[in-house]
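Engineer: Contents of structure_13.txt (compact mmCIF, C-alpha atoms and all ligand atoms) are given next:
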# COMPACT_ATOMS: atom_id res chain seq x y z
CA MET A 29 -3.70 -14.69 -10.90
CA LYS A 30 -7.04 -15.22 -9.16
CA ILE A 31 -5.56 -17.60 -6.61
CA ARG A 32 -5.22 -15.16 -3.77
CA THR A 33 -7.92 -16.52 -1.46
CA ARG A 34 -6.70 -20.06 -1.65
CA ILE A 35 -3.09 -18.98 -1.25
CA VAL A 36 -3.83 -16.88 1.83
CA HIS A 37 -5.54 -19.91 3.30
CA SER A 38 -2.61 -22.20 2.57
CA CYS A 39 -0.17 -19.60 3.97
CA LEU A 40 -2.04 -19.65 7.24
CA ILE A 41 -1.51 -23.37 7.41
CA VAL A 42 2.20 -22.93 6.63
CA ALA A 43 2.52 -20.14 9.22
CA PHE A 44 0.83 -22.25 11.84
CA GLY A 45 3.33 -25.00 11.06
CA VAL A 46 6.23 -22.60 11.64
CA GLY A 47 5.16 -21.95 15.20
CA MET A 48 4.84 -25.61 15.92
CA THR A 49 8.07 -26.85 14.43
CA ALA A 50 10.44 -23.90 14.30
CA ALA A 51 13.84 -25.41 13.68
CA THR A 52 16.88 -24.44 15.65
CA GLY A 53 20.46 -24.64 14.34
CA ALA A 54 20.55 -24.95 10.55
CA GLN A 55 21.52 -28.25 9.02
CA ALA A 56 21.67 -29.62 5.54
CA ALA A 57 18.32 -29.20 3.88
CA GLU A 58 16.61 -30.69 0.86
CA LEU A 59 15.61 -27.94 -1.54
CA GLU A 60 13.12 -28.59 -4.27
CA VAL A 61 13.85 -26.38 -7.27
CA LEU A 62 11.33 -25.86 -10.07
CA HIS A 63 12.71 -25.01 -13.51
CA TRP A 64 12.26 -25.79 -17.18
CA TRP A 65 15.90 -26.21 -18.14
CA THR A 66 15.70 -29.59 -19.82
CA ALA A 67 17.29 -29.15 -23.29
CA GLY A 68 21.02 -29.97 -23.78
CA GLY A 69 22.69 -26.68 -22.81
CA GLU A 70 19.96 -25.87 -20.30
CA ALA A 71 20.33 -29.18 -18.48
CA LYS A 72 24.08 -28.63 -18.19
CA SER A 73 23.43 -25.25 -16.59
CA ALA A 74 20.86 -26.71 -14.20
CA ALA A 75 23.43 -29.37 -13.26
CA GLU A 76 25.83 -26.56 -12.29
CA LEU A 77 23.16 -25.05 -10.06
CA LYS A 78 22.64 -28.41 -8.41
CA LYS A 79 26.39 -28.93 -7.96
CA MET A 80 26.75 -25.54 -6.37
CA LEU A 81 23.87 -26.12 -3.94
CA GLU A 82 25.27 -29.50 -2.98
CA SER A 83 28.70 -27.99 -2.39
CA LYS A 84 27.01 -25.98 0.38
CA GLY A 85 25.97 -29.24 2.01
CA HIS A 86 22.32 -29.20 0.88
CA LYS A 87 20.38 -31.65 -1.22
CA TRP A 88 18.84 -30.79 -4.58
CA LYS A 89 15.40 -32.14 -5.34
CA ASP A 90 14.83 -31.71 -9.04
CA PHE A 91 11.45 -30.34 -10.11
CA ALA A 92 11.96 -30.01 -13.87
CA VAL A 93 8.90 -29.35 -16.00
CA ALA A 94 9.80 -29.59 -19.68
CA GLY A 95 8.46 -27.01 -22.13
CA GLY A 96 10.37 -24.13 -23.68
CA GLY A 97 9.38 -20.67 -22.50
CA GLY A 98 8.11 -22.09 -19.20
CA GLU A 99 4.33 -22.13 -19.70
CA ASN A 100 3.99 -25.72 -18.48
CA ALA A 101 6.21 -25.02 -15.49
CA MET A 102 4.11 -22.03 -14.46
CA THR A 103 0.88 -24.04 -14.65
CA VAL A 104 2.31 -26.76 -12.44
CA LEU A 105 3.72 -24.18 -10.03
CA LYS A 106 0.33 -22.53 -9.55
CA SER A 107 -1.32 -25.78 -8.56
CA ARG A 108 1.49 -26.58 -6.12
CA VAL A 109 1.27 -23.18 -4.41
CA VAL A 110 -2.50 -23.29 -4.30
CA SER A 111 -2.38 -26.66 -2.57
CA GLY A 112 -0.07 -25.19 0.08
CA ASN A 113 3.00 -27.09 -1.05
CA PRO A 114 5.27 -24.69 -2.92
CA PRO A 115 8.79 -25.74 -3.92
CA ALA A 116 11.66 -24.05 -2.04
CA ALA A 117 12.79 -22.22 -5.17
CA ALA A 118 11.37 -21.63 -8.62
CA GLN A 119 12.46 -20.09 -11.89
CA ILE A 120 10.14 -17.09 -12.19
CA LYS A 121 10.72 -13.96 -14.21
CA GLY A 122 9.73 -10.37 -14.86
CA PRO A 123 6.40 -8.93 -13.71
CA SER A 124 5.32 -12.38 -12.49
CA ILE A 125 7.78 -11.94 -9.62
CA GLY A 126 5.69 -8.99 -8.45
CA GLU A 127 2.46 -10.93 -8.98
CA TRP A 128 3.71 -13.72 -6.70
CA GLY A 129 5.11 -11.13 -4.29
CA ALA A 130 1.66 -9.56 -4.01
CA GLU A 131 0.28 -12.95 -2.96
CA GLY A 132 2.56 -12.80 0.08
CA VAL A 133 4.15 -16.19 -0.56
CA LEU A 134 7.74 -15.19 -1.37
CA SER A 135 10.68 -15.05 1.05
CA ASN A 136 12.34 -11.73 1.62
CA LEU A 137 15.98 -11.87 0.50
CA ASP A 138 16.99 -8.40 1.76
CA GLU A 139 19.40 -9.71 4.36
CA VAL A 140 21.40 -11.81 1.91
CA ALA A 141 21.21 -9.04 -0.67
CA LYS A 142 22.51 -6.46 1.78
CA ALA A 143 25.32 -8.66 3.02
CA GLY A 144 26.28 -9.48 -0.57
CA GLY A 145 26.02 -5.86 -1.76
CA TRP A 146 23.64 -6.78 -4.60
CA ASP A 147 22.56 -3.18 -5.18
CA GLY A 148 26.11 -2.33 -6.20
CA LEU A 149 26.62 -5.50 -8.24
CA LEU A 150 23.54 -5.54 -10.43
CA PRO A 151 22.64 -3.11 -13.21
CA PRO A 152 19.53 -1.17 -12.07
CA VAL A 153 17.50 -2.64 -14.94
CA VAL A 154 18.15 -6.07 -13.40
CA SER A 155 17.80 -5.25 -9.69
CA LYS A 156 14.49 -3.50 -10.35
CA VAL A 157 13.00 -6.74 -11.66
CA MET A 158 14.29 -8.68 -8.63
CA LYS A 159 12.41 -6.50 -6.13
CA HIS A 160 8.83 -6.33 -5.00
CA GLY A 161 7.72 -3.32 -2.96
CA GLY A 162 11.37 -2.29 -2.63
CA HIS A 163 12.49 -5.67 -1.23
CA TYR A 164 14.58 -8.32 -2.91
CA VAL A 165 12.48 -11.42 -3.55
CA ALA A 166 14.43 -12.91 -6.47
CA VAL A 167 18.02 -13.55 -7.47
CA PRO A 168 19.14 -13.30 -11.12
CA VAL A 169 21.16 -16.05 -12.76
CA ASN A 170 21.75 -14.39 -16.11
CA VAL A 171 20.79 -11.99 -18.87
CA HIS A 172 19.61 -13.56 -22.11
CA ARG A 173 19.34 -11.58 -25.32
CA VAL A 174 16.33 -12.54 -27.39
CA ASN A 175 16.85 -10.60 -30.65
CA TRP A 176 19.38 -12.96 -32.18
CA MET A 177 19.57 -14.76 -35.47
CA TRP A 178 21.59 -18.01 -35.54
CA ALA A 179 22.91 -18.78 -38.98
CA ASN A 180 24.75 -21.60 -40.68
CA PRO A 181 27.42 -19.83 -42.82
CA GLU A 182 27.96 -22.89 -45.01
CA VAL A 183 24.32 -22.91 -46.06
CA PHE A 184 24.48 -19.22 -46.95
CA LYS A 185 27.65 -19.86 -48.92
CA LYS A 186 26.12 -22.75 -50.84
CA ALA A 187 23.08 -20.62 -51.66
CA GLY A 188 25.37 -17.76 -52.72
CA VAL A 189 23.78 -15.12 -50.50
CA GLU A 190 24.80 -12.84 -47.67
CA ILE A 191 23.15 -13.03 -44.27
CA PRO A 192 20.28 -10.49 -44.34
CA ARG A 193 20.83 -7.51 -42.04
CA THR A 194 17.47 -5.86 -42.65
CA TRP A 195 13.96 -7.16 -43.23
CA ASP A 196 14.07 -5.59 -46.71
CA GLU A 197 17.00 -7.86 -47.61
CA PHE A 198 15.29 -10.91 -46.16
CA PRO A 199 12.94 -12.10 -48.98
CA ALA A 200 15.56 -12.12 -51.73
CA ALA A 201 18.02 -14.05 -49.56
CA THR A 202 15.48 -16.60 -48.38
CA GLU A 203 14.19 -17.16 -51.92
CA LYS A 204 17.69 -18.19 -53.04
CA ILE A 205 18.21 -20.38 -49.98
CA GLN A 206 14.98 -22.20 -50.73
CA LYS A 207 15.95 -22.66 -54.39
CA ALA A 208 19.27 -24.13 -53.25
CA GLY A 209 17.32 -26.85 -51.40
CA PHE A 210 17.58 -25.63 -47.80
CA VAL A 211 14.95 -24.61 -45.27
CA PRO A 212 15.43 -20.83 -44.96
CA VAL A 213 13.99 -20.46 -41.44
CA ALA A 214 14.21 -23.18 -38.77
CA HIS A 215 11.14 -22.71 -36.65
CA GLY A 216 9.06 -24.61 -34.16
CA GLY A 217 5.33 -23.96 -34.46
CA GLN A 218 4.56 -23.35 -30.79
CA PRO A 219 2.90 -20.16 -29.54
CA TRP A 220 5.90 -18.94 -27.53
CA GLN A 221 8.25 -19.51 -30.46
CA ASP A 222 5.89 -17.62 -32.80
CA PHE A 223 5.82 -14.78 -30.28
CA THR A 224 9.63 -14.82 -29.96
CA VAL A 225 10.04 -14.34 -33.72
CA PHE A 226 7.29 -11.74 -33.77
CA GLU A 227 8.91 -9.52 -31.13
CA SER A 228 12.22 -9.52 -33.01
CA ILE A 229 10.38 -8.46 -36.15
CA ALA A 230 8.59 -5.71 -34.22
CA LEU A 231 11.94 -4.44 -32.98
CA GLY A 232 13.55 -4.62 -36.41
CA VAL A 233 10.69 -3.08 -38.35
CA GLY A 234 9.63 -0.41 -35.88
CA GLY A 235 12.71 0.23 -33.73
CA ALA A 236 13.05 0.33 -29.93
CA ASP A 237 10.73 3.29 -29.34
CA PHE A 238 7.95 1.65 -31.31
CA TYR A 239 8.57 -1.65 -29.52
CA ARG A 240 8.37 0.02 -26.11
CA LYS A 241 5.24 1.98 -26.95
CA ALA A 242 3.43 -1.01 -28.41
CA LEU A 243 4.65 -4.01 -26.44
CA VAL A 244 5.58 -2.54 -23.06
CA GLU A 245 3.36 0.51 -22.64
CA LEU A 246 0.57 -1.14 -24.66
CA ASP A 247 -0.34 2.12 -26.35
CA GLN A 248 -3.56 1.45 -28.28
CA PRO A 249 -2.98 3.69 -31.35
CA THR A 250 0.54 2.24 -31.76
CA LEU A 251 -0.74 -1.33 -31.46
CA LYS A 252 -3.35 -0.71 -34.16
CA GLY A 253 -1.26 1.56 -36.34
CA PRO A 254 0.43 1.17 -39.73
CA THR A 255 3.82 0.12 -38.29
CA MET A 256 2.20 -2.81 -36.51
CA GLU A 257 0.50 -3.75 -39.77
CA LYS A 258 3.92 -3.78 -41.40
CA VAL A 259 5.20 -6.01 -38.58
CA PHE A 260 2.45 -8.54 -39.30
CA THR A 261 3.12 -8.30 -43.05
CA THR A 262 6.79 -9.13 -42.41
CA PHE A 263 5.75 -11.94 -40.07
CA ALA A 264 3.66 -13.39 -42.92
CA THR A 265 6.72 -13.24 -45.18
CA VAL A 266 8.74 -15.23 -42.63
CA ARG A 267 5.94 -17.81 -42.52
CA LYS A 268 6.50 -18.48 -46.24
CA TYR A 269 10.04 -19.68 -45.53
CA VAL A 270 9.32 -22.10 -42.71
CA ASP A 271 9.12 -25.81 -43.61
CA LYS A 272 5.86 -27.72 -43.56
CA ASP A 273 6.89 -29.93 -40.63
CA SER A 274 7.34 -27.09 -38.16
CA ALA A 275 4.11 -27.61 -36.18
CA ASN A 276 4.92 -28.39 -32.56
CA ARG A 277 8.63 -28.76 -33.21
CA VAL A 278 10.51 -27.93 -30.00
CA TRP A 279 12.98 -25.05 -30.17
CA ASN A 280 16.13 -27.09 -29.76
CA GLN A 281 15.14 -29.37 -32.64
CA ALA A 282 14.90 -26.23 -34.75
CA THR A 283 18.40 -25.26 -33.55
CA GLY A 284 19.47 -28.78 -34.55
CA MET A 285 18.45 -27.96 -38.14
CA ILE A 286 21.03 -25.14 -38.16
CA ILE A 287 23.63 -27.37 -36.54
CA ASN A 288 23.19 -30.16 -39.11
CA GLY A 289 23.05 -27.83 -42.10
CA LYS A 290 19.43 -28.44 -43.04
CA ALA A 291 18.34 -24.87 -42.43
CA ALA A 292 19.90 -21.43 -42.82
CA MET A 293 18.73 -19.38 -39.83
CA GLN A 294 16.75 -19.41 -36.61
CA PHE A 295 15.35 -16.45 -34.68
CA MET A 296 15.78 -17.40 -31.05
CA GLY A 297 17.25 -16.14 -27.80
CA ASP A 298 20.78 -17.10 -26.84
CA TRP A 299 19.77 -20.21 -24.93
CA ALA A 300 20.11 -21.58 -28.51
CA LYS A 301 23.84 -21.05 -28.12
CA GLY A 302 23.80 -23.58 -25.31
CA GLU A 303 22.79 -26.15 -27.94
CA PHE A 304 25.62 -25.21 -30.30
CA THR A 305 28.07 -25.30 -27.39
CA SER A 306 26.96 -28.69 -26.18
CA ALA A 307 27.24 -30.00 -29.77
CA GLY A 308 30.88 -28.81 -29.76
CA LYS A 309 30.24 -26.10 -32.38
CA VAL A 310 32.37 -23.00 -32.56
CA PRO A 311 30.91 -19.53 -33.14
CA GLY A 312 32.27 -17.66 -36.12
CA LYS A 313 33.18 -20.96 -37.76
CA ASP A 314 30.38 -23.53 -37.53
CA TYR A 315 27.67 -20.99 -36.86
CA VAL A 316 27.31 -17.24 -36.54
CA CYS A 317 25.31 -15.09 -34.19
CA VAL A 318 24.03 -11.83 -35.61
CA ALA A 319 21.32 -9.54 -34.35
CA ALA A 320 17.94 -10.26 -35.96
CA PRO A 321 17.47 -8.04 -39.05
CA GLY A 322 17.32 -4.35 -38.24
CA THR A 323 18.02 -4.82 -34.51
CA ALA A 324 21.82 -4.51 -34.22
CA GLU A 325 21.51 -1.37 -32.12
CA ALA A 326 18.88 -2.70 -29.76
CA PHE A 327 18.61 -5.44 -27.17
CA THR A 328 15.57 -7.38 -25.93
CA PHE A 329 16.48 -8.69 -22.52
CA ASN A 330 15.23 -11.77 -20.73
CA ILE A 331 16.52 -12.31 -17.20
CA ASP A 332 16.22 -15.73 -15.61
CA SER A 333 15.82 -15.58 -11.88
CA LEU A 334 14.97 -17.75 -8.91
CA VAL A 335 12.44 -16.82 -6.27
CA MET A 336 12.22 -18.56 -2.91
CA PHE A 337 8.84 -19.52 -1.51
CA GLU A 338 8.16 -19.09 2.23
CA GLN A 339 8.95 -22.32 4.05
CA SER A 340 8.27 -23.46 7.57
CA SER A 341 11.56 -25.34 8.09
CA GLY A 342 14.44 -23.23 9.39
CA ASP A 343 16.90 -25.54 7.65
CA VAL A 344 15.20 -25.03 4.31
CA ARG A 345 15.20 -21.28 4.90
CA LYS A 346 18.93 -21.41 5.54
CA GLY A 347 19.33 -23.50 2.39
CA GLN A 348 17.42 -20.86 0.41
CA GLN A 349 19.79 -18.16 1.64
CA ASP A 350 22.80 -20.27 0.75
CA LEU A 351 21.32 -20.82 -2.69
CA ALA A 352 20.67 -17.12 -3.24
CA ASN A 353 24.15 -16.26 -2.07
CA ALA A 354 25.86 -18.80 -4.25
CA VAL A 355 23.87 -17.82 -7.36
CA MET A 356 25.36 -14.34 -7.09
CA SER A 357 28.95 -15.59 -6.78
CA PRO A 358 31.24 -14.84 -9.74
CA ALA A 359 32.16 -18.52 -10.02
CA PHE A 360 28.55 -19.58 -10.45
CA GLN A 361 27.63 -16.70 -12.76
CA GLU A 362 30.52 -17.72 -14.97
CA VAL A 363 30.01 -21.46 -15.22
CA PHE A 364 26.22 -21.29 -15.44
CA ASN A 365 26.27 -18.79 -18.28
CA LEU A 366 29.08 -20.47 -20.20
CA ASN A 367 26.69 -23.40 -20.57
CA LYS A 368 23.46 -21.47 -20.86
CA GLY A 369 24.45 -19.12 -23.70
CA SER A 370 23.61 -16.01 -21.70
CA ILE A 371 25.80 -13.45 -19.97
CA PRO A 372 26.23 -12.94 -16.20
CA ALA A 373 23.72 -10.72 -14.47
CA ARG A 374 26.52 -9.32 -12.27
CA MET A 375 28.34 -6.30 -13.60
CA ASN A 376 32.10 -6.10 -14.19
CA MET A 377 32.67 -9.81 -14.56
CA ASN A 378 35.73 -11.03 -16.37
CA LEU A 379 34.46 -12.43 -19.69
CA ASP A 380 37.74 -13.98 -20.87
CA LYS A 381 36.30 -17.48 -20.95
CA PHE A 382 33.22 -16.39 -22.89
CA ASP A 383 32.91 -16.59 -26.67
CA ASP A 384 32.46 -13.76 -29.15
CA CYS A 385 28.66 -13.99 -29.11
CA ALA A 386 28.57 -13.48 -25.35
CA LYS A 387 31.08 -10.64 -25.58
CA LEU A 388 28.98 -8.97 -28.26
CA SER A 389 25.89 -9.45 -26.12
CA ALA A 390 27.60 -7.80 -23.12
CA ARG A 391 28.78 -4.86 -25.26
CA ASP A 392 25.39 -4.42 -26.88
CA PHE A 393 23.61 -4.62 -23.51
CA GLU A 394 25.62 -1.67 -22.29
CA ALA A 395 25.42 0.30 -25.52
CA ALA A 396 21.67 -0.26 -25.81
CA SER A 397 21.22 0.75 -22.21
CA LYS A 398 22.99 4.07 -22.91
CA ARG A 399 21.11 4.58 -26.16
CA GLY A 400 17.71 3.87 -24.64
CA SER A 401 17.17 0.83 -26.85
CA LEU A 402 17.29 -1.83 -24.13
CA VAL A 403 13.78 -3.29 -23.99
CA PRO A 404 12.18 -6.17 -22.09
CA SER A 405 11.13 -9.27 -24.01
CA ILE A 406 7.35 -9.64 -24.13
CA ALA A 407 7.52 -13.25 -25.34
CA HIS A 408 9.64 -14.19 -22.32
CA GLN A 409 7.48 -12.61 -19.64
CA MET A 410 9.61 -9.57 -19.00
CA ALA A 411 7.39 -6.78 -20.34
CA VAL A 412 3.78 -7.11 -19.21
CA SER A 413 1.67 -9.32 -16.95
CA ALA A 414 1.41 -13.00 -17.79
CA ALA A 415 -2.32 -12.64 -18.55
CA THR A 416 -1.79 -9.78 -21.00
CA ALA A 417 1.19 -11.41 -22.69
CA GLY A 418 -0.76 -14.66 -23.00
CA ALA A 419 -3.70 -12.98 -24.72
CA MET A 420 -1.39 -11.16 -27.12
CA GLN A 421 0.55 -14.32 -27.84
CA ASP A 422 -2.71 -16.05 -28.80
CA VAL A 423 -3.36 -13.41 -31.47
CA VAL A 424 0.16 -13.68 -32.84
CA THR A 425 -0.10 -17.46 -33.09
CA GLN A 426 -3.56 -17.27 -34.61
CA PHE A 427 -2.23 -14.94 -37.29
CA PHE A 428 0.74 -17.18 -37.98
CA ASN A 429 -1.56 -20.16 -38.47
CA THR A 430 -4.25 -18.37 -40.45
CA PRO A 431 -2.86 -17.23 -43.81
CA ALA A 432 -6.22 -15.65 -44.70
CA MET A 433 -6.03 -13.20 -41.78
CA LYS A 434 -5.11 -9.67 -42.87
CA PRO A 435 -2.37 -7.74 -41.03
CA LYS A 436 -4.84 -4.93 -40.22
CA GLU A 437 -7.25 -7.37 -38.59
CA ALA A 438 -4.39 -8.92 -36.61
CA ALA A 439 -3.19 -5.52 -35.38
CA ASP A 440 -6.72 -4.64 -34.22
CA LYS A 441 -7.01 -7.96 -32.41
CA LEU A 442 -3.62 -7.48 -30.80
CA ALA A 443 -4.72 -4.08 -29.49
CA ARG A 444 -7.87 -5.63 -28.03
CA ALA A 445 -5.87 -8.47 -26.45
CA ALA A 446 -3.57 -5.90 -24.84
CA LEU A 447 -6.51 -4.75 -22.71
CA THR A 448 -6.63 -8.16 -20.99
CA LYS A 449 -5.84 -7.86 -17.29
C1 LIG B 1 14.06 -18.91 -20.53
C2 LIG B 1 15.33 -19.62 -20.85
C3 LIG B 1 15.03 -20.94 -21.53
C4 LIG B 1 14.11 -20.72 -22.73
C5 LIG B 1 13.75 -21.97 -23.47
C6 LIG B 1 13.17 -18.81 -21.76
O1 LIG B 1 11.95 -18.21 -21.43
O2 LIG B 1 14.32 -17.62 -20.07
O3 LIG B 1 16.09 -19.84 -19.69
O4 LIG B 1 16.24 -21.54 -21.92
O5 LIG B 1 12.92 -20.10 -22.28
O6 LIG B 1 13.17 -22.89 -22.64
Please express the file's structure as structure tokens.

Structural biologist:
Amino acid sequence: MKIRTRIVHSCLIVAFGVGMTAATGAQAAELEVLHWWTAGGEAKSAAELKKMLESKGHKWKDFAVAGGGGENAMTVLKSRVVSGNPPAAAQIKGPSIGEWGAEGVLSNLDEVAKAGGWDGLLPPVVSKVMKHGGHYVAVPVNVHRVNWMWANPEVFKKAGVEIPRTWDEFPAATEKIQKAGFVPVAHGGQPWQDFTVFESIALGVGGADFYRKALVELDQPTLKGPTMEKVFTTFATVRKYVDKDSANRVWNQATGMIINGKAAMQFMGDWAKGEFTSAGKVPGKDYVCVAAPGTAEAFTFNIDSLVMFEQSSGDVRKGQQDLANAVMSPAFQEVFNLNKGSIPARMNMNLDKFDDCAKLSARDFEAASKRGSLVPSIAHQMAVSAATAGAMQDVVTQFFNTPAMKPKEAADKLARAALTK
């Protein structure tokens, strides 16, 4: 992160402030919350978070930074922390939680976690991510599944093809869809979206063990090997079936192409379901959710979580605890995830109000966990450090935008990028 020195300096200023102004008796506080939930379904979920905070008597100060995948938000966050003015809470995920924890700027949530019994409520795969050095420093709002394919059944029907279940079935199906006048794959040409599609292909072509070895453990021979070459070859096939206007298209516009029947399928995490839901579309009828080809038995997880930054005001600190507490409540986990498209992070929740896609996700999460095929999403900052993931994402995007690049060359470059610290 290379911001340690400046952060330590700004922390000293904050700490000095604590001594001078330590608040007594908590009152309503204004909490600034950084997030990137700005698309239709996302904004509805963020509104629920705001509502819940305000029901505790606090004030929500919105710090929304648009940009799917959160890269813009993370850039803005860094400059705010470096200047000694961090927000009270921020949407931060995966190994980045530990990176911020190591900077010594996060609040310890152990007390709230202990009182709320979080260890018993969260699956270990989730609670592990929420801790730094054995202490809770983040609270999870959900579990997203990334390896989904969102399909418009009407388009498939009109083209006279079945939804492909394997990457081998994919080219023949997409060829017919194209001939029938539809866009086979709705895609937005942005690096994080390219990387999202790429990781689902890696999982489908190579399986969970390959995915883990290559994209989590960063094993050099696996990254450079023949299976990775095949992954890039398949990625190049997908590129053939994306429309020419995809450059820079945001992800929810791509989802819109499935909703309005222009395109057949989109490879995207289940925040896409939030778009279908807010457009009033019904799963199984207007659209279908199926695992990306070849990945039905696996699950790439992406857990959204909030961290709290150390604050000098006692009222704000109390507000942070109230926020963390409320995020873990069953009522919040239900309403937030009904809008967001994800499933609750808490175990043993009643899913009666959830749709079939969410129920399938919950079943597959558990089954994959037992089978050893539950893997962290690299494109959504769950698998490796932000610096490493960023370097690898650059290679994936470069390949996608450079038809002349050979899969072998791309695999070699990916292996080199994986050495980035
Ligand atoms: C986040 C989701 C968000 C998506 C698109 C992902 O990285 O985990 O919460 O909806 O990006 O912005």

Engineer: Please extract the residues at most 8 Å from ligand LIG 1 (chain B), counting only C-alpha atoms and all ligand atoms, and provide them as a PyMOL selection string, using the chain letters and residue numbers of this document.

Structural biologist: chain A and resi 64-67+70+95-98+121+172+279+297+299-300+330-332+368+407-409

Engineer: Export C-alpha atoms of the chosen residues as an mmCIF file, in the frame of the given file?

Structural biologist:
data_model
loop_
_atom_site.group_PDB
_atom_site.id
_atom_site.type_symbol
_atom_site.label_atom_id
_atom_site.label_comp_id
_atom_site.auth_asym_id
_atom_site.auth_seq_id
_atom_site.Cartn_x
_atom_site.Cartn_y
_atom_site.Cartn_z
ATOM 1 C CA TRP A 64 12.260 -25.790 -17.180
ATOM 2 C CA TRP A 65 15.900 -26.210 -18.140
ATOM 3 C CA THR A 66 15.700 -29.590 -19.820
ATOM 4 C CA ALA A 67 17.290 -29.150 -23.290
ATOM 5 C CA GLU A 70 19.960 -25.870 -20.300
ATOM 6 C CA GLY A 95 8.460 -27.010 -22.130
ATOM 7 C CA GLY A 96 10.370 -24.130 -23.680
ATOM 8 C CA GLY A 97 9.380 -20.670 -22.500
ATOM 9 C CA GLY A 98 8.110 -22.090 -19.200
ATOM 10 C CA LYS A 121 10.720 -13.960 -14.210
ATOM 11 C CA HIS A 172 19.610 -13.560 -22.110
ATOM 12 C CA TRP A 279 12.980 -25.050 -30.170
ATOM 13 C CA GLY A 297 17.250 -16.140 -27.800
ATOM 14 C CA TRP A 299 19.770 -20.210 -24.930
ATOM 15 C CA ALA A 300 20.110 -21.580 -28.510
ATOM 16 C CA ASN A 330 15.230 -11.770 -20.730
ATOM 17 C CA ILE A 331 16.520 -12.310 -17.200
ATOM 18 C CA ASP A 332 16.220 -15.730 -15.610
ATOM 19 C CA LYS A 368 23.460 -21.470 -20.860
ATOM 20 C CA ALA A 407 7.520 -13.250 -25.340
ATOM 21 C CA HIS A 408 9.640 -14.190 -22.320
ATOM 22 C CA GLN A 409 7.480 -12.610 -19.640
#

Engineer: Could you state the separation of CA of Ser135 (chain A) and CA of Val335 (chain A) in Å, given to one decimal place?

Structural biologist: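 About the pair CA of Ser135 (chain A) and CA of Val335 (chain A): they are 7.7 Å apart.
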
Engineer: With all atoms listed in the file as the atoms that count, which of A:Gly284, A:Pro219, A:Gly347, A:Pro321 lies nearest to Gln55 (chain A)?

Structural biologist: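 Of all the options, A:Gly347 lies closest to Gln55 (chain A).
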
Engineer: Please identify every residue of region 275-331 of chain A that has at least one atom no farther than 12 Å from an atom of region 236-255 of chain A, counting all atoms listed in the file, and for each give the shortest atom pair and the distance in Å to one decimal, arranged by chain then increasing number, as CSV.

Structural biologist:
residue,atom,partner,partner_atom,distance
A:Gly322,CA,A:Ala236,CA,10.4
A:Thr323,CA,A:Ala236,CA,8.5
A:Ala324,CA,A:Ala236,CA,10.9
A:Glu325,CA,A:Ala236,CA,8.9
A:Ala326,CA,A:Ala236,CA,6.6
A:Phe327,CA,A:Ala236,CA,8.5
A:Thr328,CA,A:Ala236,CA,9.0

Engineer: Write out as a ChimeraX atom specification each polymer residue whose atoms come within 12 Å of Met433 (chain A), counting all atoms listed in the file; drop sequence neighbours fewer than 2 positions from it.

Structural biologist: /A:257,260-261,263-264,423-431,435-441

Engineer: Measuring between only C-alpha atoms, which one of A:Ala411, A:Ile229, A:Val171, A:Val213 shows the shortest distance to Ala282 (chain A)?

Structural biologist: A:Val213

Engineer: Rank nothing, just name the residue among A:Ser83, A:Gln119, A:Thr265, A:Gln294 nearest to His63 (chain A), using only C-alpha atoms.

Structural biologist: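 The closest residue to His63 (chain A) is A:Gln119.
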
Engineer: Taking (9.3, -24.8, -1.2) in the file's coordinates as the center, which residues reach within 6 Å of it, counting only C-alpha atoms, put as a ChimeraX atom specification?

Structural biologist: /A:114-117,337,339

Engineer: Could you list, with a cut-off of 10 Å and counting all atoms listed in the file, the residues of region 168-190 of chain A near region 316-319 of chain A, each shown with its nearest atom pair and the distance in Å rounded to one decimal, rows sorted by chain and ascending number, as a tab-separated table?

Structural biologist:
residue	atom	partner	partner_atom	distance
A:Arg173	CA	A:Ala319	CA	9.5
A:Val174	CA	A:Ala319	CA	9.1
A:Asn175	CA	A:Ala319	CA	5.9
A:Trp176	CA	A:Ala319	CA	4.5
A:Met177	CA	A:Val318	CA	5.3
A:Trp178	CA	A:Cys317	CA	4.9
A:Ala179	CA	A:Val316	CA	5.3
A:Asn180	CA	A:Val316	CA	6.5
A:Pro181	CA	A:Val316	CA	6.8

Engineer: Using all atoms listed in the file, which of A:Gly302, A:Leu366, A:Phe184, A:Trp195 sits nearest Asp380 (chain A)?

Structural biologist: A:Leu366

Engineer: Give me the residues within 12 Å of Glu82 (chain A) as a VMD selection string, counting only C-alpha atoms and dropping any in the same chain fewer than 3 places off.

Structural biologist: chain A and resid 56 to 59 75 to 79 85 to 89 347 350 to 351 354

Engineer: I'd like the contact shell of Asp314 (chain A) - 10 Å cut-off, only C-alpha atoms, skipping same-chain residues fewer than 2 positions apart - returned as a list in words.

Structural biologist: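 Non-adjacent residues within range: Ala179, Asn180, Pro181, Glu182, Ile286, Ile287, Asn288, Gly289, Phe304, Gly308, Lys309, Val310, Pro311, Gly312 and Val316 of chain A.
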
Engineer: As an exercise, work out the distance from CA of Val169 (chain A) to CA of Gln361 (chain A) in Å and give it to one decimal place.

Structural biologist: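 Between CA of Val169 (chain A) and CA of Gln361 (chain A) the gap works out to 6.5 Å.
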
Engineer: Using all atoms listed in the file, determine which residues lie at most 10 Å from Gln281 (chain A), disregarding the query and same-chain residues fewer than 6 positions distant; provide the list as a PyMOL selection string.

Structural biologist: chain A and resi 67+214-216+274+287+303
